[in-house]
Amino acid sequence: MMAKTSCVRLHDLVGWLNRNYPQSLAEEWDNVGLQVGDLNQEITKVMVALEPTEQTIKQAIDHHCQLLISHHPLLFKPLKKISKNDETGRILFAAIQNNLAIVSAHTNLDHAADGLNDWLAECLDLGATTPLLPPRSGDLVKLVVFVPEDDTDRVATALFKAGAGHIGGYDHCSFRNRGTGTFRPGTDTQPFIGQTGQDERVDEVRLETIVPRHRLAATLQRMEKAHPYEEVAYDLIPLENRRQDIGLGRIGRLAEPLSLEELAHRCKDKLDCAALRIVAAEQPRPVNKVAVCGGSGASLIHEAARQGADVLITGDIKYHEAMAARSLGLALIDAGHFATEHLMAPALASRLDHYSQTQGWNMAITTAQHECDPFTHI
């Protein structure tokens, strides 16, 4: 383990969130990222919570936290006023007066790899999961860089460390082809190879890899630092390929088929919900292929049915959505919005704690206590 460092800034934590759960993955209507705070503020204690309520804010302040990371954003729409006469105003006053920053990871966390929907699928013991609704194309860029042959491995390693080279379940993916590079250094240059004003030929490698668009700036920075040339020759090629590890919802398989009732009991136990609602398909069958979406996932009913899911597990199902699912032969388990999302806090806290330890950060991480479903059942 690295020695503990004395100072972690809010921008370090926002950077970690953006690398793992990029804001570009969020829905257009959403408002994720920094809600309140100074990016230069020192952070020694973080609380993770599902909701940024007054009770949660009070917990964070009482525990001497400088940052609250919440799933649901505090601010969705522009405010016309900030007043202590409403909950949002009181929260803002309390946060600012107590130097508590607030950051939201919402639909970006839902869509991301190793995000909320992966955690939900894992909690319910689903295997061979893939995103139910893949993202739009254009999230990937091919990077082609020309490197002296002896420096290829060093540059490739820098690219991979920056987040390049991931294709599905594989990493460190690249293509390399040898060739000859030509150039003539100008009068104001300091060439790594060659002489000013003379044509040069160098054995080079055309190194190709793939980069998520949100990691492009960091990847280029790492590449230029590792590359020996004063001027690095590279190409950026936008791709129509879609990433296979991100998207809304997940679909996977059970280790062995269950009845709908058996799966419902598993959900009730694993998600710790007091009650749930079941919509059986018109022609019930054993459940093998299962789709999940934390929160409100009714928009995925048709996609789940198209991909052959036997059941969709989500929350906030409405009457007509239930009727549509029945007509499609798709069963539903409505475990509730809270039950399908509340695992977010411990899961995200665990990952942040692991990263903090690898970096030697002198920072404590906790989760909000006593968050509960606003609905009760009688």
# chains A, B, ... in the order shown; residues from 1 in each chain; ligands from 1
call {"tool": "residues_around", "arguments": {"residues": "Leu328 of chain A", "least_positions_apart": "5", "cutoff": "9 Å", "atoms": "only C-alpha atoms", "output": "PyMOL selection string"}}
result
chain A and resi 281-282+301-302+305-306+323
call {"tool": "residues_around", "arguments": {"residues": "Leu25 of chain A", "least_positions_apart": "6", "cutoff": "12 Å", "atoms": "only C-alpha atoms", "output": "ChimeraX atom specification"}}
result
/A:17-19,31-33,105-113,115,134-139,212-214,243,246-248
call {"tool": "atom_distance", "arguments": {"atom1": "atom CA of Val279 of chain A", "atom2": "atom CA of Thr376 of chain A"}}
result
20.1 Å
call {"tool": "residues_around", "arguments": {"residues": "Leu120 of chain A", "least_positions_apart": "2", "cutoff": "8 Å", "atoms": "only C-alpha atoms", "output": "list in words"}}
result
Leu116, Asn117, Asp118, Glu122, Cys123, Leu124, Val292, Cys293, Gly294, Thr340, Glu341 and Leu343 of chain A
call {"tool": "write_last_selection", "arguments": {"atoms": "N, CA, C and O atoms", "output": "tab-separated table (two decimals), in the first residue's frame"}}
result
chain	number	residue	atom	x	y	z
A	116	LEU	N	-24.47	0.92	-11.66
A	116	LEU	CA	-25.63	0.47	-10.89
A	116	LEU	C	-26.28	-0.78	-11.45
A	116	LEU	O	-26.61	-1.72	-10.71
A	117	ASN	N	-26.48	-0.83	-12.76
A	117	ASN	CA	-27.19	-1.98	-13.32
A	117	ASN	C	-26.35	-3.25	-13.33
A	117	ASN	O	-26.89	-4.35	-13.21
A	118	ASP	N	-25.04	-3.11	-13.42
A	118	ASP	CA	-24.17	-4.28	-13.24
A	118	ASP	C	-24.25	-4.78	-11.79
A	118	ASP	O	-24.29	-5.98	-11.54
A	122	GLU	N	-25.58	-8.43	-10.64
A	122	GLU	CA	-24.73	-9.26	-9.80
A	122	GLU	C	-25.44	-9.64	-8.50
A	122	GLU	O	-25.35	-10.79	-8.05
A	123	CYS	N	-26.15	-8.71	-7.91
A	123	CYS	CA	-26.87	-8.97	-6.67
A	123	CYS	C	-27.90	-10.08	-6.85
A	123	CYS	O	-28.14	-10.89	-5.94
A	124	LEU	N	-28.51	-10.15	-8.04
A	124	LEU	CA	-29.54	-11.14	-8.32
A	124	LEU	C	-28.98	-12.40	-8.97
A	124	LEU	O	-29.74	-13.24	-9.46
A	292	VAL	N	-32.86	-6.48	-16.18
A	292	VAL	CA	-32.98	-5.64	-14.99
A	292	VAL	C	-32.70	-4.19	-15.36
A	292	VAL	O	-31.93	-3.90	-16.28
A	293	CYS	N	-33.33	-3.30	-14.62
A	293	CYS	CA	-33.02	-1.87	-14.73
A	293	CYS	C	-33.36	-1.21	-13.41
A	293	CYS	O	-34.53	-1.22	-12.99
A	294	GLY	N	-32.37	-0.64	-12.74
A	294	GLY	CA	-32.61	0.04	-11.49
A	294	GLY	C	-33.45	1.28	-11.67
A	294	GLY	O	-33.35	1.97	-12.69
A	340	THR	N	-34.42	-1.18	-5.95
A	340	THR	CA	-33.53	-1.50	-7.07
A	340	THR	C	-32.37	-0.53	-7.21
A	340	THR	O	-31.53	-0.70	-8.08
A	341	GLU	N	-32.33	0.49	-6.33
A	341	GLU	CA	-31.23	1.46	-6.42
A	341	GLU	C	-30.43	1.63	-5.12
A	341	GLU	O	-29.32	2.16	-5.17
A	343	LEU	N	-28.68	-0.21	-3.35
A	343	LEU	CA	-27.37	-0.85	-3.30
A	343	LEU	C	-26.27	0.05	-3.87
A	343	LEU	O	-25.08	-0.25	-3.75
call {"tool": "atom_distance", "arguments": {"atom1": "atom CA of His227 of chain A", "atom2": "atom CA of Gly186 of chain A"}}
result
19.3 Å
call {"tool": "select_by_dssp", "arguments": {"residues": "segment 63-125 of chain A", "states": "strand (DSSP E)", "output": "MDAnalysis selection string"}}
result
chainID A and resid 67:70 101:104
call {"tool": "select_by_dssp", "arguments": {"residues": "segment 15-220 of chain A", "states": "helix (DSSP H, G or I)", "output": "VMD selection string"}}
result
chain A and resid 15 to 20 23 to 25 54 to 62 87 to 97 107 to 111 116 to 123 149 to 161 213 to 220
call {"tool": "write_last_selection", "arguments": {"atoms": "C-alpha atoms", "output": "short mmCIF file (atom, residue, chain, number, x, y, z; two decimals), in the first residue's frame"}}
result
data_model
loop_
_atom_site.label_atom_id
_atom_site.label_comp_id
_atom_site.auth_asym_id
_atom_site.auth_seq_id
_atom_site.Cartn_x
_atom_site.Cartn_y
_atom_site.Cartn_z
CA GLY A 15 -11.95 13.31 -11.78
CA TRP A 16 -12.26 9.75 -10.46
CA LEU A 17 -16.01 9.82 -10.97
CA ASN A 18 -15.66 11.20 -14.50
CA ARG A 19 -13.13 8.54 -15.47
CA ASN A 20 -15.32 5.70 -14.25
CA GLN A 23 -20.90 12.60 -17.55
CA SER A 24 -21.23 12.02 -21.30
CA LEU A 25 -23.17 8.83 -20.48
CA GLU A 54 -32.14 17.22 4.64
CA GLN A 55 -31.61 14.16 6.85
CA THR A 56 -28.73 12.93 4.69
CA ILE A 57 -27.12 16.37 4.63
CA LYS A 58 -27.37 16.55 8.42
CA GLN A 59 -25.70 13.12 8.71
CA ALA A 60 -22.86 14.22 6.45
CA ILE A 61 -22.33 17.41 8.45
CA ASP A 62 -22.55 15.60 11.80
CA GLU A 87 -36.20 21.92 1.18
CA THR A 88 -33.78 22.57 -1.69
CA GLY A 89 -32.99 26.03 -0.34
CA ARG A 90 -32.44 24.72 3.19
CA ILE A 91 -30.11 22.02 1.86
CA LEU A 92 -28.11 24.54 -0.14
CA PHE A 93 -27.79 26.88 2.84
CA ALA A 94 -26.68 24.04 5.11
CA ALA A 95 -24.19 22.64 2.60
CA ILE A 96 -22.56 25.98 1.84
CA GLN A 97 -22.46 27.11 5.47
CA THR A 107 -27.90 8.24 -15.15
CA ASN A 108 -24.18 8.20 -15.94
CA LEU A 109 -23.84 5.64 -13.13
CA ASP A 110 -26.84 3.73 -14.53
CA HIS A 111 -25.26 3.42 -18.00
CA LEU A 116 -25.63 0.47 -10.89
CA ASN A 117 -27.19 -1.98 -13.32
CA ASP A 118 -24.17 -4.28 -13.24
CA TRP A 119 -24.38 -4.24 -9.42
CA LEU A 120 -28.10 -5.02 -9.58
CA ALA A 121 -27.54 -7.93 -11.97
CA GLU A 122 -24.73 -9.26 -9.80
CA CYS A 123 -26.87 -8.97 -6.67
CA GLU A 149 10.24 0.76 -33.16
CA ASP A 150 12.24 0.61 -29.92
CA ASP A 151 9.74 2.89 -28.11
CA THR A 152 6.54 1.12 -29.14
CA ASP A 153 5.97 -0.86 -25.96
CA ARG A 154 6.50 2.17 -23.72
CA VAL A 155 4.00 4.28 -25.69
CA ALA A 156 1.48 1.44 -25.85
CA THR A 157 1.69 0.93 -22.08
CA ALA A 158 1.04 4.63 -21.52
CA LEU A 159 -2.04 4.45 -23.79
CA PHE A 160 -3.41 1.41 -21.97
CA LYS A 161 -2.89 3.02 -18.55
CA ARG A 213 -14.17 9.56 -26.31
CA HIS A 214 -14.33 10.70 -22.68
CA ARG A 215 -10.78 9.37 -22.15
CA LEU A 216 -9.34 10.94 -25.30
CA ALA A 217 -7.77 14.07 -23.76
CA ALA A 218 -6.06 12.08 -20.97
CA THR A 219 -4.90 9.45 -23.45
CA LEU A 220 -3.31 12.01 -25.77
#
